[in-house]
Every structure is written in structure tokens, then in C-alpha cells.
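**Q** Starting off with a structure, shown below.
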Amino acid sequence: QPGADCVITGSITLCRALIEADLIDEYRLFVYPVVLGRGRRLFADGLALADLKFVEATPFQSGMVLLVYARR
């Protein structure tokens, strides 16, 4: 329902459950300049995503970038 923002950090299981339930209106993704080569993916194979549009990108001096995508 409409209301204040809800931010999730550190729980990929909860994020995937909310994505699968189609409850995400906006994605704010922090991208760090590190290549791991493995690990758990936020958007698992076979996960249906809403049609997203790019909103903005905010770079930081550390090399990290905040990417914002919203539902169309």
C-alpha cells in the first residue's frame, strides 16, 4: 500500500520474495567496483521482473555508483 519507503539491505532471500510478489516499486542498487566471480545473484535465473526504467545514477569518489530504476 502507499506509504513511506522501506529499505532492505543484506537479505537477498527477503528481496527475492518481494520481487516474486511484485511488491517493489523502485530499485536502488549500489554497485561496487569489485569483481567476485561468484556469489548469490539478486535477480536469479527465471525470475520475472517488472518493466523498469532508468531514473538516475550517482557516482561516489570511492568508485561506487548508486543506480536507481523505477517501474514503468
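Naming works like this for the C-alpha cells: A, B, ... for the chains as they're shown, residue 1 at the start of each chain, ligands 1 onward in shown order.
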Would you list, as a ChimeraX atom specification, the residues of chain A that end up in alpha helix (DSSP H) under DSSP run on this structure's backbone?
**A** /A:12-20
**Q** Dump N, CA, C and O atoms for the selected residues as a short mmCIF file (atom, residue, chain, number, x, y, z; two decimals), in the first residue's frame?
**A**
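The resulting file, part.cif, is shown below:
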```cif
data_model
loop_
_atom_site.label_atom_id
_atom_site.label_comp_id
_atom_site.auth_asym_id
_atom_site.auth_seq_id
_atom_site.Cartn_x
_atom_site.Cartn_y
_atom_site.Cartn_z
N ILE A 12 19.09 -11.15 0.78
CA ILE A 12 18.74 -11.50 -0.60
C ILE A 12 17.49 -12.36 -0.64
O ILE A 12 16.68 -12.27 -1.57
N THR A 13 17.26 -13.18 0.40
CA THR A 13 16.07 -14.03 0.45
C THR A 13 14.81 -13.17 0.54
O THR A 13 13.84 -13.40 -0.19
N LEU A 14 14.81 -12.16 1.39
CA LEU A 14 13.67 -11.26 1.51
C LEU A 14 13.47 -10.46 0.22
O LEU A 14 12.35 -10.31 -0.26
N CYS A 15 14.57 -9.95 -0.35
CA CYS A 15 14.47 -9.20 -1.60
C CYS A 15 13.84 -10.05 -2.70
O CYS A 15 12.92 -9.58 -3.39
N ARG A 16 14.28 -11.28 -2.85
CA ARG A 16 13.72 -12.16 -3.89
C ARG A 16 12.24 -12.43 -3.64
O ARG A 16 11.44 -12.47 -4.56
N ALA A 17 11.86 -12.62 -2.37
CA ALA A 17 10.45 -12.86 -2.05
C ALA A 17 9.59 -11.66 -2.42
O ALA A 17 8.50 -11.81 -2.98
N LEU A 18 10.07 -10.45 -2.15
CA LEU A 18 9.33 -9.24 -2.50
C LEU A 18 9.26 -9.03 -4.02
O LEU A 18 8.23 -8.60 -4.55
N ILE A 19 10.34 -9.37 -4.72
CA ILE A 19 10.34 -9.27 -6.18
C ILE A 19 9.33 -10.25 -6.75
O ILE A 19 8.52 -9.89 -7.61
N GLU A 20 9.35 -11.48 -6.28
CA GLU A 20 8.42 -12.51 -6.77
C GLU A 20 6.97 -12.14 -6.48
O GLU A 20 6.07 -12.47 -7.25
#
```
**Q** Write out as a ChimeraX atom specification all residues of chain A that backbone DSSP assigns to strand (DSSP E).
**A** /A:26-31,52-59,65-71
**Q** Print the selection's residues with N, CA, C and O atoms to a file, as a PDB file, in the first residue's frame.
**A**
```pdb
ATOM      1  N   GLU A  26      10.638   0.545  -6.739  1.00  0.00           N
ATOM      2  CA  GLU A  26      11.871   1.200  -7.156  1.00  0.00           C
ATOM      3  C   GLU A  26      13.061   0.407  -6.641  1.00  0.00           C
ATOM      4  O   GLU A  26      13.048  -0.082  -5.507  1.00  0.00           O
ATOM      5  N   TYR A  27      14.065   0.261  -7.476  1.00  0.00           N
ATOM      6  CA  TYR A  27      15.308  -0.416  -7.102  1.00  0.00           C
ATOM      7  C   TYR A  27      16.403   0.629  -6.970  1.00  0.00           C
ATOM      8  O   TYR A  27      16.621   1.426  -7.882  1.00  0.00           O
ATOM      9  N   ARG A  28      17.088   0.626  -5.848  1.00  0.00           N
ATOM     10  CA  ARG A  28      18.267   1.476  -5.632  1.00  0.00           C
ATOM     11  C   ARG A  28      19.430   0.521  -5.414  1.00  0.00           C
ATOM     12  O   ARG A  28      19.569  -0.086  -4.351  1.00  0.00           O
ATOM     13  N   LEU A  29      20.230   0.382  -6.433  1.00  0.00           N
ATOM     14  CA  LEU A  29      21.296  -0.620  -6.423  1.00  0.00           C
ATOM     15  C   LEU A  29      22.655   0.061  -6.286  1.00  0.00           C
ATOM     16  O   LEU A  29      23.017   0.907  -7.107  1.00  0.00           O
ATOM     17  N   PHE A  30      23.379  -0.306  -5.263  1.00  0.00           N
ATOM     18  CA  PHE A  30      24.742   0.191  -5.084  1.00  0.00           C
ATOM     19  C   PHE A  30      25.686  -0.780  -5.784  1.00  0.00           C
ATOM     20  O   PHE A  30      25.707  -1.972  -5.467  1.00  0.00           O
ATOM     21  N   VAL A  31      26.452  -0.270  -6.726  1.00  0.00           N
ATOM     22  CA  VAL A  31      27.390  -1.091  -7.489  1.00  0.00           C
ATOM     23  C   VAL A  31      28.807  -0.721  -7.048  1.00  0.00           C
ATOM     24  O   VAL A  31      29.214   0.438  -7.139  1.00  0.00           O
ATOM     25  N   LEU A  52      11.279  -2.030 -16.152  1.00  0.00           N
ATOM     26  CA  LEU A  52      11.923  -0.959 -15.396  1.00  0.00           C
ATOM     27  C   LEU A  52      12.449   0.135 -16.304  1.00  0.00           C
ATOM     28  O   LEU A  52      12.830  -0.115 -17.436  1.00  0.00           O
ATOM     29  N   LYS A  53      12.474   1.366 -15.770  1.00  0.00           N
ATOM     30  CA  LYS A  53      13.091   2.473 -16.494  1.00  0.00           C
ATOM     31  C   LYS A  53      14.197   3.046 -15.621  1.00  0.00           C
ATOM     32  O   LYS A  53      14.091   3.097 -14.383  1.00  0.00           O
ATOM     33  N   PHE A  54      15.255   3.473 -16.268  1.00  0.00           N
ATOM     34  CA  PHE A  54      16.381   4.086 -15.578  1.00  0.00           C
ATOM     35  C   PHE A  54      15.959   5.465 -15.078  1.00  0.00           C
ATOM     36  O   PHE A  54      15.377   6.250 -15.812  1.00  0.00           O
ATOM     37  N   VAL A  55      16.283   5.780 -13.811  1.00  0.00           N
ATOM     38  CA  VAL A  55      15.927   7.069 -13.230  1.00  0.00           C
ATOM     39  C   VAL A  55      17.154   7.952 -13.069  1.00  0.00           C
ATOM     40  O   VAL A  55      17.168   9.089 -13.528  1.00  0.00           O
ATOM     41  N   GLU A  56      18.191   7.423 -12.405  1.00  0.00           N
ATOM     42  CA  GLU A  56      19.390   8.229 -12.205  1.00  0.00           C
ATOM     43  C   GLU A  56      20.569   7.365 -11.764  1.00  0.00           C
ATOM     44  O   GLU A  56      20.398   6.240 -11.316  1.00  0.00           O
ATOM     45  N   ALA A  57      21.747   7.950 -11.906  1.00  0.00           N
ATOM     46  CA  ALA A  57      22.982   7.324 -11.430  1.00  0.00           C
ATOM     47  C   ALA A  57      23.756   8.370 -10.640  1.00  0.00           C
ATOM     48  O   ALA A  57      23.885   9.510 -11.074  1.00  0.00           O
ATOM     49  N   THR A  58      24.249   7.964  -9.478  1.00  0.00           N
ATOM     50  CA  THR A  58      25.037   8.864  -8.637  1.00  0.00           C
ATOM     51  C   THR A  58      26.381   8.214  -8.364  1.00  0.00           C
ATOM     52  O   THR A  58      26.454   7.208  -7.663  1.00  0.00           O
ATOM     53  N   PRO A  59      27.461   8.767  -8.937  1.00  0.00           N
ATOM     54  CA  PRO A  59      28.795   8.207  -8.676  1.00  0.00           C
ATOM     55  C   PRO A  59      29.375   8.776  -7.372  1.00  0.00           C
ATOM     56  O   PRO A  59      29.063   9.908  -6.978  1.00  0.00           O
ATOM     57  N   VAL A  65      28.769   3.303  -7.411  1.00  0.00           N
ATOM     58  CA  VAL A  65      27.731   4.039  -8.125  1.00  0.00           C
ATOM     59  C   VAL A  65      26.380   3.580  -7.596  1.00  0.00           C
ATOM     60  O   VAL A  65      26.147   2.387  -7.407  1.00  0.00           O
ATOM     61  N   LEU A  66      25.497   4.542  -7.347  1.00  0.00           N
ATOM     62  CA  LEU A  66      24.123   4.239  -6.978  1.00  0.00           C
ATOM     63  C   LEU A  66      23.267   4.346  -8.238  1.00  0.00           C
ATOM     64  O   LEU A  66      23.234   5.398  -8.874  1.00  0.00           O
ATOM     65  N   LEU A  67      22.623   3.254  -8.608  1.00  0.00           N
ATOM     66  CA  LEU A  67      21.737   3.227  -9.773  1.00  0.00           C
ATOM     67  C   LEU A  67      20.303   3.110  -9.293  1.00  0.00           C
ATOM     68  O   LEU A  67      20.001   2.298  -8.420  1.00  0.00           O
ATOM     69  N   VAL A  68      19.418   3.930  -9.856  1.00  0.00           N
ATOM     70  CA  VAL A  68      18.012   3.910  -9.469  1.00  0.00           C
ATOM     71  C   VAL A  68      17.173   3.563 -10.683  1.00  0.00           C
ATOM     72  O   VAL A  68      17.302   4.179 -11.743  1.00  0.00           O
ATOM     73  N   TYR A  69      16.315   2.564 -10.523  1.00  0.00           N
ATOM     74  CA  TYR A  69      15.373   2.130 -11.556  1.00  0.00           C
ATOM     75  C   TYR A  69      13.974   2.114 -10.945  1.00  0.00           C
ATOM     76  O   TYR A  69      13.806   1.731  -9.784  1.00  0.00           O
ATOM     77  N   ALA A  70      12.969   2.519 -11.712  1.00  0.00           N
ATOM     78  CA  ALA A  70      11.589   2.527 -11.237  1.00  0.00           C
ATOM     79  C   ALA A  70      10.724   1.714 -12.212  1.00  0.00           C
ATOM     80  O   ALA A  70      11.080   1.539 -13.380  1.00  0.00           O
ATOM     81  N   ARG A  71       9.587   1.278 -11.722  1.00  0.00           N
ATOM     82  CA  ARG A  71       8.641   0.566 -12.576  1.00  0.00           C
ATOM     83  C   ARG A  71       8.057   1.547 -13.591  1.00  0.00           C
ATOM     84  O   ARG A  71       7.849   2.702 -13.301  1.00  0.00           O
TER      85      ARG A  71
END
```
**Q** Go through A:Gly37, A:Tyr32, A:Gly3, A:Asp22 one by one, measure the shortest atom-to-atom distance of each to Phe60 of chain A using only C-alpha atoms, and give the residue with the smallest value.
**A**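 Selected residue with least distance to Phe60 of chain A: A:Tyr32.
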